[in-house]
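S.K.: One structure, pasted below without further comment.
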Amino acid sequence: MGAKKGGHRDEAEEDLARDPLQAILLADSFAQKFRPITLERPKVLLPIVNVPMIDYTLAWLESAGVEEVFVFCCAHVRQVTDYLETTKWLTQPNFKVSTIESHNCVSAGDALRVIYEKNVIRGDFILISGDTVSNMSLTEVLQEHKERRRKDSNAVMTMVIKKSKPSAITHQSRLGTDELIMAIDPDTKQLLYYEDKVEHLKGITLDKAMLSENASVSLYNDKQDCYIDICSPEVLILFNDNFDYQHIRRHFLKGLLQDDIMGYKIFTYEIRSSYAARIDNYRSYDAISKDIIQRWTYPLVPDVQFFKNSATKLERQGMYRASEVGQSRSAQIGPSTVIGNGTTIGNKTAISNSVVGEGCCIGSNVTIEGCYIWHNVTIEDGCKLKHAIICDGVILKAGAVLEPGVVLSFKVVIGEQFVVPAYSKVSLLRQPINQDSDEELEYADDSSGVAEHSPIANGAIRNDSSEMDACTTSEVGTNGVGFIWSLNEAALEEEWRHSVAPIPADKLAAIMLAANGDPDLLTHDENILPPSGELEPESVTNDSDTDVNDEATYFEKEVEATFLRAVEEDVKNDHIILEVNSLRLSYNMTALDCASALFYSVMKLALDMQHNTASELFTNVAKVLAKWKTLLKSYLLTIDEEIEVIMKFEDICMGSAREYAVLFEQILHLLYDKEIIQEEAILSWASEKEEAEESDKVFVKKCEKFIRWLNEASEEEEEDEDE
Amino acid sequence: MDFQVVVLAGGTSKELVPLVSKDLPKPLLPVANRPVLSYVLDLLEQSNLKDLIVVVEGEDAAILIGNWISGAYADRLNVEVAHVHEDVGSAGALRAVANHLSANDILVISGDLVCDIPPGAVAAAHRRHDAVVTATLCSSPISGPTESSPGGKDKAKKPGRYNIIGLDPSKQFILHIASGIEVEKDIRIQKSILRAVGQMEFRADLMDAHLYAFKRSALQQVLKEKPNFHSLKQDVLPYLVRSQLRSEILLNSRQVEENGGDKEPIGNNTVMLSQLLLNSSTQSFHELYAMSPGGPTSVLKKTHKCCAYIANKSKYCARVNSFQAFCDINRDVIGDASHLSGYSFSAHNNVIHPSAVLGSKTTVGPQCMLGEGSEMGDKCSVKRSVIGRHCRIGSNVKVINSIVMDHVTIGDGCSIQASVICSNVQLQDRVVLKDCQIGAGFVVTASSEHKGESLSKKEKQ
């Protein structure tokens, strides 16, 4: 599939050098982490330090020498395309930006499949999302990628990584993403292992094959994925061929690493001095904003006009002030703060470590700490804000208090003196009830369709369908407008992780306590790594156990394959017996195993035949059994084997073919009628099960009647004999 | 230097039967005509480590070895020979002498080691990091003990895998170690250690060289508290590595203080520098981890360090622990690693004792050794082989890739290839041996041919 496509492919490779450098920019994160804001505006247009994210990405791509960018829009298509039309990006020389629209994509995988169909990508391309902030140079990584490609056409992707500063305490990077563990070959930089769900794993297990192929492997816990990928055209083909690939990391990358598809390889490129990060959640929004203010992203900083952002001057202590700011003399504007154009600040107001957008109106005696205030926000006197994100057009009435981690979506009004509890998210829109439960896949906002509705209409629609009648606008104070989105318990627990607010001290302490005082940790680690001396015998027996199980399943499969072949080719019974016997010898199995395996194959055959109802299935079974009775019988020499077959049948009913569960008694009766199984076997099976646990007796109970009948019959017989 | 050395000499190793016997325990097995133990003792002497305890398995073997040491090293080393039961394992052997240990740090070295890694450097690394244990790691030898024939070195072979070792980025600390059967399994890693360090490098091309430095208090405690531990390599070392971030070892006052973060151990500059570059922090991850807030209980986490001393690739390091290794080492000591042998080689790159007698047209090729008082007849050819003392070798004898020990008589027209012939063996005329091991005192009858066999006299009970 990814292999050479004849001459055309070779030509394309030769043309590589002449092809313009292309990039795919996904202007949809296909995630819900920025809800509720993203219900009204696409994520890529959210401002970070007063400039929409997509402008950072485009500015970087332009400076890095990319010539053609395809902006893929899905959610809020109109807003993105309209925005791009107002910017200079569509008219730049040597930098072609075109949009690809789609309305029904739910994942990055879908997006890439759409792009593949458009057939616009001609060579290696850069795959990024529209929320990337970076200043790295692409020259080196592109060159590395191309050289690798020349030597090994299977090197389809180079992903950019960067050393992060994980907090030793929370074991996650300060970008609020999940803990990431990667294994990389130190010499070739090939990626061998990628796991971003470490939290849920008990321990990290590396495949032994990894080290048998490589003399050394480096395992990293301190690198962050920048989500900047240099891809070969094969990547698109792979996405197209594997239509179940949705998420670039979770499906595509892991799929390539684990399934070893066609030997495709992924390599890494580590950047050391330059900056690259992706705004994935509120915490990374906070962290990256600070990085921009502290100029790690130079030249993409507020006082450089890399884009149409207004003229801003850098002052001492990381203060950026636009040219027209109305600031009271008594206002204290603290360190690392950005104040946008046309904003007025009242008396004795203190602002620190915050970003204030354009045209905001901040009253007197307001304290703002670590907040991100977008444009045209009105904050009346005496408000207190800490670590909050406040979208365009929000009004905070006098004396309102925002506790850390609050997010106020567009045009929300908070009533006087109202205290918004920590981590709340307030929006004019009601919380969608039918939350996409498939959190795991992080499918796109379902808002992509309704996005163009006006917020009010939208709210109304949701209002109708919602059962939460109790929710009134008063939930954000008198004269307030907006709904506080409720979070379920689990989400609330996790909220601090991704929130814009710093991790509270008590959480830190709790984490530490958990890590420290966890008595399981010790024993559980011991379990992971049994001390070879103490537990060796045990572990050895365990091993051999699993080996035996493996052997047994292999054997079963082999027998089944043999049987199916016999069915198709109409092989004589004697020959089947011969083959099964030789299998038995080579797998070192007993006659019992043969009997159960053969029985399994027969039942499987019946199940695979066309049937719609249980009774049809039963007639199938009757047919098949009639045909293969002699074969089965030749393996059912003693009662033991017959009992084994009944137990196997139980297994089948509980496991692989539940359809049989309802037919258990009928089929057992059939087996008895056909003289495949004698009553003795059934009775001793039933008596064996008497001692068993309740759960084991399900099937015995099902055929209670039958067994009773058998018992009576045999008694009668005995009586007959006595007479 | 305040180091005490324990040499675990072993006894009659089962792997090496028939080469070893009651009369010739493994430590006295000649490698290039010198007992294998002498390589270790010389190495220690060179590093000025002169206080030794040699632990031998079996009482008889201990007497033999004691006699030999007191003869050979009378004025040079201060050696105490202790004996333990057989099959107590390396940890058991140490346990037996644990009470005799008094120095702060203990160097434990396997008696069958033939290497040129300076133990002093290992000891210094151990001291520098104030580690609980320092293990010496060397590159895995190319020809494995089970897979290759003596001449197999020419073939391109993957290095054997003996250990899987996880190192920190500065390659000074061991974070993970798998040995024995664990090597072939999937690697399971403790998250806590990876988190504390951030980065771990796994190496399959390194091998535990069986040269360790231990902190005495820690070693004694582990041996006492874990009576099940049998082997240093498989039990004690992995245990210490595993528990390094939640140490159960009572450390002496000096370290408790250090773990409190008040004091940086002097001489830890290399760690500091590398950590500065890597983490922009000044402490090794052990201290960082120990200092990170411990919640309301604020119990300091106890940590200990497990260091690695990685020998340079050019260093030679091998253990006489299998028949194959014995052959390989003999070949290397008179070949590639000839500086270990302690002999001076002639212009033909071989060692022929002046008292040896060679018949006419007899050639002794390069990388050969001919011991004192041995005699060879006419038209013999010796290639890449070691011949011991006082051997009588007839005419037309070919010896290739073989080891012939002392007092061996070889008849005319014999051909010996890739074999080991122990002391006092008699080969009658025209014997052909290939890939054979002939135990001490055995007589091979005339004109017999043997291939891949192990011949020995029955042990007298």
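Naming scheme: A, B, ... for chains in displayed order of the structure tokens; residues 1 onward per chain; ligands 1 onward as shown.
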Based on the backbone DSSP call, show me all residues of segment 59-198 of chain B assigned strand (DSSP E or B), as a PyMOL selection string.
M.R.: chain B and resi 78-84+105-110+113-115+133-139+163-167+173-179+187-189
S.K.: Quick one: everything within 8 Å of segment 572-578 of chain A, counting only C-alpha atoms, minus sequence neighbours fewer than 3 positions away in the same chain. Send it as a tab-separated table (two decimals) with N, CA, C and O atoms, in the first residue's frame.
M.R.:
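The resulting file, out_6.tsv, is reproduced below:
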```tsv
chain	number	residue	atom	x	y	z
A	562	THR	N	-7.60	-27.95	10.74
A	562	THR	CA	-7.59	-29.26	10.10
A	562	THR	C	-9.01	-29.71	9.78
A	562	THR	O	-9.31	-30.18	8.68
A	563	PHE	N	-9.87	-29.53	10.78
A	563	PHE	CA	-11.26	-29.97	10.63
A	563	PHE	C	-11.95	-29.22	9.49
A	563	PHE	O	-12.62	-29.82	8.64
A	566	ALA	N	-10.93	-30.41	6.29
A	566	ALA	CA	-11.57	-31.69	6.03
A	566	ALA	C	-12.99	-31.48	5.52
A	566	ALA	O	-13.44	-32.15	4.60
A	581	ASN	N	-4.16	-36.83	15.33
A	581	ASN	CA	-3.25	-37.56	16.19
A	581	ASN	C	-1.83	-37.03	16.10
A	581	ASN	O	-1.12	-36.93	17.09
A	582	SER	N	-1.42	-36.70	14.89
A	582	SER	CA	-0.06	-36.20	14.76
A	582	SER	C	0.05	-34.82	15.43
A	582	SER	O	1.07	-34.49	16.03
A	630	THR	N	-19.39	-39.96	13.74
A	630	THR	CA	-18.41	-41.04	13.79
A	630	THR	C	-17.02	-40.51	14.15
A	630	THR	O	-16.28	-41.14	14.90
A	631	LEU	N	-16.72	-39.37	13.59
A	631	LEU	CA	-15.41	-38.79	13.88
A	631	LEU	C	-15.31	-38.46	15.37
A	631	LEU	O	-14.32	-38.81	16.03
```
S.K.: Using only C-alpha atoms, find which residues of chain B lie within 6 Å of chain A and jot them down as a PyMOL selection string.
M.R.: chain B and resi 185-190+198-205+229+234-235+294-295
S.K.: Report, in Å to a single decimal, how far apart atom CA of Glu380 of chain A and atom CA of Glu495 of chain A are.
M.R.: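 Going from atom CA of Glu495 of chain A over to atom CA of Glu380 of chain A covers 28.2 Å.
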S.K.: What is the distance, in Å and to one decimal place, between atom CA of Thr91 of chain A and atom CA of Tyr116 of chain A?
M.R.: 25.2 Å
S.K.: Quick check for you: according to DSSP on this backbone, which residues of segment 155-246 of chain A are classed as helix (DSSP H, G or I)? Reply as a list of chain:residue names.
M.R.: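 For segment 155-246 of chain A, the helix (DSSP H, G or I) set is A:Val198, A:Glu199, A:His200, A:Lys208, A:Ala209, A:Met210, A:Leu211, A:Ser212, A:Glu213, A:Pro233, A:Glu234, A:Val235, A:Leu236, A:Ile237, A:Leu238, A:Phe239, A:Asn240, A:Asp241.
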S.K.: Hey, what's within 9 Å of Leu253 of chain A if we count only C-alpha atoms and toss same-chain stuff fewer than 5 positions away? As a PyMOL selection string, please?
M.R.: chain A and resi 194+247-248+258+266
S.K.: Just write the chosen residues, N, CA and C atoms, as a PDB file, in the first residue's frame.
M.R.:
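Wrote result-v8.pdb, looks like this:
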```
ATOM      1  N   TYR A 194       5.743   4.778  22.685  1.00  0.00           N
ATOM      2  CA  TYR A 194       5.105   6.058  22.966  1.00  0.00           C
ATOM      3  C   TYR A 194       3.901   5.766  23.835  1.00  0.00           C
ATOM      4  N   HIS A 247      -7.027   9.435  15.783  1.00  0.00           N
ATOM      5  CA  HIS A 247      -6.132  10.342  16.476  1.00  0.00           C
ATOM      6  C   HIS A 247      -4.722  10.120  15.951  1.00  0.00           C
ATOM      7  N   ILE A 248      -4.008  11.223  15.714  1.00  0.00           N
ATOM      8  CA  ILE A 248      -2.688  11.075  15.099  1.00  0.00           C
ATOM      9  C   ILE A 248      -1.751  10.310  16.025  1.00  0.00           C
ATOM     10  N   GLN A 258       3.174  -0.384  17.186  1.00  0.00           N
ATOM     11  CA  GLN A 258       2.829  -1.698  17.722  1.00  0.00           C
ATOM     12  C   GLN A 258       2.623  -2.740  16.637  1.00  0.00           C
ATOM     13  N   ILE A 266       9.152   5.675  12.616  1.00  0.00           N
ATOM     14  CA  ILE A 266       8.960   7.061  13.002  1.00  0.00           C
ATOM     15  C   ILE A 266      10.216   7.511  13.729  1.00  0.00           C
TER      16      ILE A 266
END
```
S.K.: Using only C-alpha atoms, find the one residue out of B:Asn33, B:Thr303, B:Asn321, B:Asn67 that sits nearest to Leu113 of chain B.
M.R.: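 When distances to Leu113 of chain B are compared using only C-alpha atoms, the smallest one comes from B:Asn321.
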S.K.: Between atom CA of Ala446 of chain B and atom CA of Gly411 of chain B, what is the distance, to one decimal in Å?
M.R.: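 Going from atom CA of Ala446 of chain B over to atom CA of Gly411 of chain B covers 8.3 Å.
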S.K.: Would you mind listing what lies within 12 Å of Ser21 of chain B as an MDAnalysis selection string, with only C-alpha atoms counted and same-chain residues fewer than 6 positions away left out?
M.R.: chainID B and resid 11:15 27:29 58 60:61 64 422:423 438:441 456:460
S.K.: Save out the residues we just selected, N, CA and C atoms, as a PDB file, in the first residue's frame.
M.R.:
```
ATOM      1  N   GLY B  11      34.612 -22.838  44.257  1.00  0.00           N
ATOM      2  CA  GLY B  11      35.237 -24.114  44.614  1.00  0.00           C
ATOM      3  C   GLY B  11      35.311 -25.000  43.403  1.00  0.00           C
ATOM      4  N   THR B  12      34.839 -26.194  43.525  1.00  0.00           N
ATOM      5  CA  THR B  12      34.817 -27.069  42.359  1.00  0.00           C
ATOM      6  C   THR B  12      33.537 -26.761  41.581  1.00  0.00           C
ATOM      7  N   SER B  13      33.704 -25.918  40.641  1.00  0.00           N
ATOM      8  CA  SER B  13      32.545 -25.471  39.873  1.00  0.00           C
ATOM      9  C   SER B  13      32.027 -26.592  38.975  1.00  0.00           C
ATOM     10  N   LYS B  14      30.733 -26.790  39.004  1.00  0.00           N
ATOM     11  CA  LYS B  14      30.154 -27.900  38.238  1.00  0.00           C
ATOM     12  C   LYS B  14      30.266 -27.666  36.742  1.00  0.00           C
ATOM     13  N   GLU B  15      30.230 -26.406  36.364  1.00  0.00           N
ATOM     14  CA  GLU B  15      30.251 -26.127  34.924  1.00  0.00           C
ATOM     15  C   GLU B  15      31.577 -26.555  34.291  1.00  0.00           C
ATOM     16  N   PRO B  27      39.728 -22.115  41.412  1.00  0.00           N
ATOM     17  CA  PRO B  27      40.649 -20.976  41.507  1.00  0.00           C
ATOM     18  C   PRO B  27      42.066 -21.318  41.061  1.00  0.00           C
ATOM     19  N   LEU B  28      42.410 -22.605  41.097  1.00  0.00           N
ATOM     20  CA  LEU B  28      43.776 -22.973  40.724  1.00  0.00           C
ATOM     21  C   LEU B  28      43.876 -23.452  39.278  1.00  0.00           C
ATOM     22  N   LEU B  29      42.759 -23.442  38.582  1.00  0.00           N
ATOM     23  CA  LEU B  29      42.757 -23.860  37.178  1.00  0.00           C
ATOM     24  C   LEU B  29      43.717 -22.966  36.386  1.00  0.00           C
ATOM     25  N   GLY B  58      34.110 -25.197  50.081  1.00  0.00           N
ATOM     26  CA  GLY B  58      34.667 -26.512  50.391  1.00  0.00           C
ATOM     27  C   GLY B  58      35.965 -26.401  51.180  1.00  0.00           C
ATOM     28  N   ASP B  60      38.453 -28.691  51.686  1.00  0.00           N
ATOM     29  CA  ASP B  60      39.678 -29.212  51.059  1.00  0.00           C
ATOM     30  C   ASP B  60      40.229 -28.196  50.076  1.00  0.00           C
ATOM     31  N   ALA B  61      39.314 -27.641  49.287  1.00  0.00           N
ATOM     32  CA  ALA B  61      39.743 -26.663  48.298  1.00  0.00           C
ATOM     33  C   ALA B  61      40.389 -25.483  49.014  1.00  0.00           C
ATOM     34  N   LEU B  64      43.959 -26.270  49.879  1.00  0.00           N
ATOM     35  CA  LEU B  64      44.805 -26.221  48.686  1.00  0.00           C
ATOM     36  C   LEU B  64      45.131 -24.783  48.298  1.00  0.00           C
ATOM     37  N   CYS B 422      43.783 -32.056  30.542  1.00  0.00           N
ATOM     38  CA  CYS B 422      44.200 -31.711  31.891  1.00  0.00           C
ATOM     39  C   CYS B 422      45.509 -32.397  32.254  1.00  0.00           C
ATOM     40  N   SER B 423      45.963 -32.100  33.447  1.00  0.00           N
ATOM     41  CA  SER B 423      47.260 -32.591  33.892  1.00  0.00           C
ATOM     42  C   SER B 423      47.288 -34.113  33.930  1.00  0.00           C
ATOM     43  N   ILE B 438      39.515 -33.616  28.293  1.00  0.00           N
ATOM     44  CA  ILE B 438      40.053 -34.830  28.894  1.00  0.00           C
ATOM     45  C   ILE B 438      40.413 -34.513  30.346  1.00  0.00           C
ATOM     46  N   GLY B 439      39.756 -35.192  31.289  1.00  0.00           N
ATOM     47  CA  GLY B 439      39.977 -34.938  32.702  1.00  0.00           C
ATOM     48  C   GLY B 439      41.336 -35.425  33.165  1.00  0.00           C
ATOM     49  N   ALA B 440      41.746 -34.946  34.322  1.00  0.00           N
ATOM     50  CA  ALA B 440      43.081 -35.213  34.825  1.00  0.00           C
ATOM     51  C   ALA B 440      43.332 -36.716  34.932  1.00  0.00           C
ATOM     52  N   GLY B 441      44.547 -37.149  34.547  1.00  0.00           N
ATOM     53  CA  GLY B 441      44.987 -38.523  34.743  1.00  0.00           C
ATOM     54  C   GLY B 441      44.370 -39.544  33.809  1.00  0.00           C
ATOM     55  N   SER B 456      36.797 -38.504  31.383  1.00  0.00           N
ATOM     56  CA  SER B 456      37.501 -38.320  32.644  1.00  0.00           C
ATOM     57  C   SER B 456      37.424 -39.597  33.462  1.00  0.00           C
ATOM     58  N   LYS B 457      38.347 -39.703  34.394  1.00  0.00           N
ATOM     59  CA  LYS B 457      38.326 -40.833  35.317  1.00  0.00           C
ATOM     60  C   LYS B 457      37.163 -40.655  36.265  1.00  0.00           C
ATOM     61  N   LYS B 458      36.681 -41.775  36.764  1.00  0.00           N
ATOM     62  CA  LYS B 458      35.621 -41.659  37.755  1.00  0.00           C
ATOM     63  C   LYS B 458      36.211 -41.099  39.031  1.00  0.00           C
ATOM     64  N   GLU B 459      35.480 -40.183  39.619  1.00  0.00           N
ATOM     65  CA  GLU B 459      35.946 -39.592  40.877  1.00  0.00           C
ATOM     66  C   GLU B 459      35.929 -40.650  41.959  1.00  0.00           C
ATOM     67  N   LYS B 460      37.030 -40.713  42.682  1.00  0.00           N
ATOM     68  CA  LYS B 460      37.025 -41.648  43.817  1.00  0.00           C
ATOM     69  C   LYS B 460      36.171 -41.066  44.927  1.00  0.00           C
TER      70      LYS B 460
END
```
S.K.: Which residues, written as JSON, numbers by chain, have at least one atom at most 6 Å from segment 356-372 of chain B, with only C-alpha atoms counted and residues fewer than 2 positions away on the same chain left out?
M.R.: {"B": [334, 335, 348, 349, 350, 351, 352, 353, 354, 374, 375, 376, 377, 378, 379, 380, 381, 382, 383, 384, 385, 386, 387, 388, 389]}
S.K.: Which polymer residues have any atom within 10 Å of an atom of Cys703 of chain A, counting only C-alpha atoms, with same-chain residues fewer than 6 positions away left out, as a list in words?
M.R.: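 With the cut-off at 10 Å, the set is Phe664, Glu665, Gln666, Leu668, His669, Ala686 and Trp709 of chain A.
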S.K.: Show me, as a PyMOL selection string, the residues that have an atom within 10 Å of Ser330 of chain A when counting only C-alpha atoms, minus same-chain residues fewer than 3 positions from it.
M.R.: chain A and resi 327+333+345-350+364-365
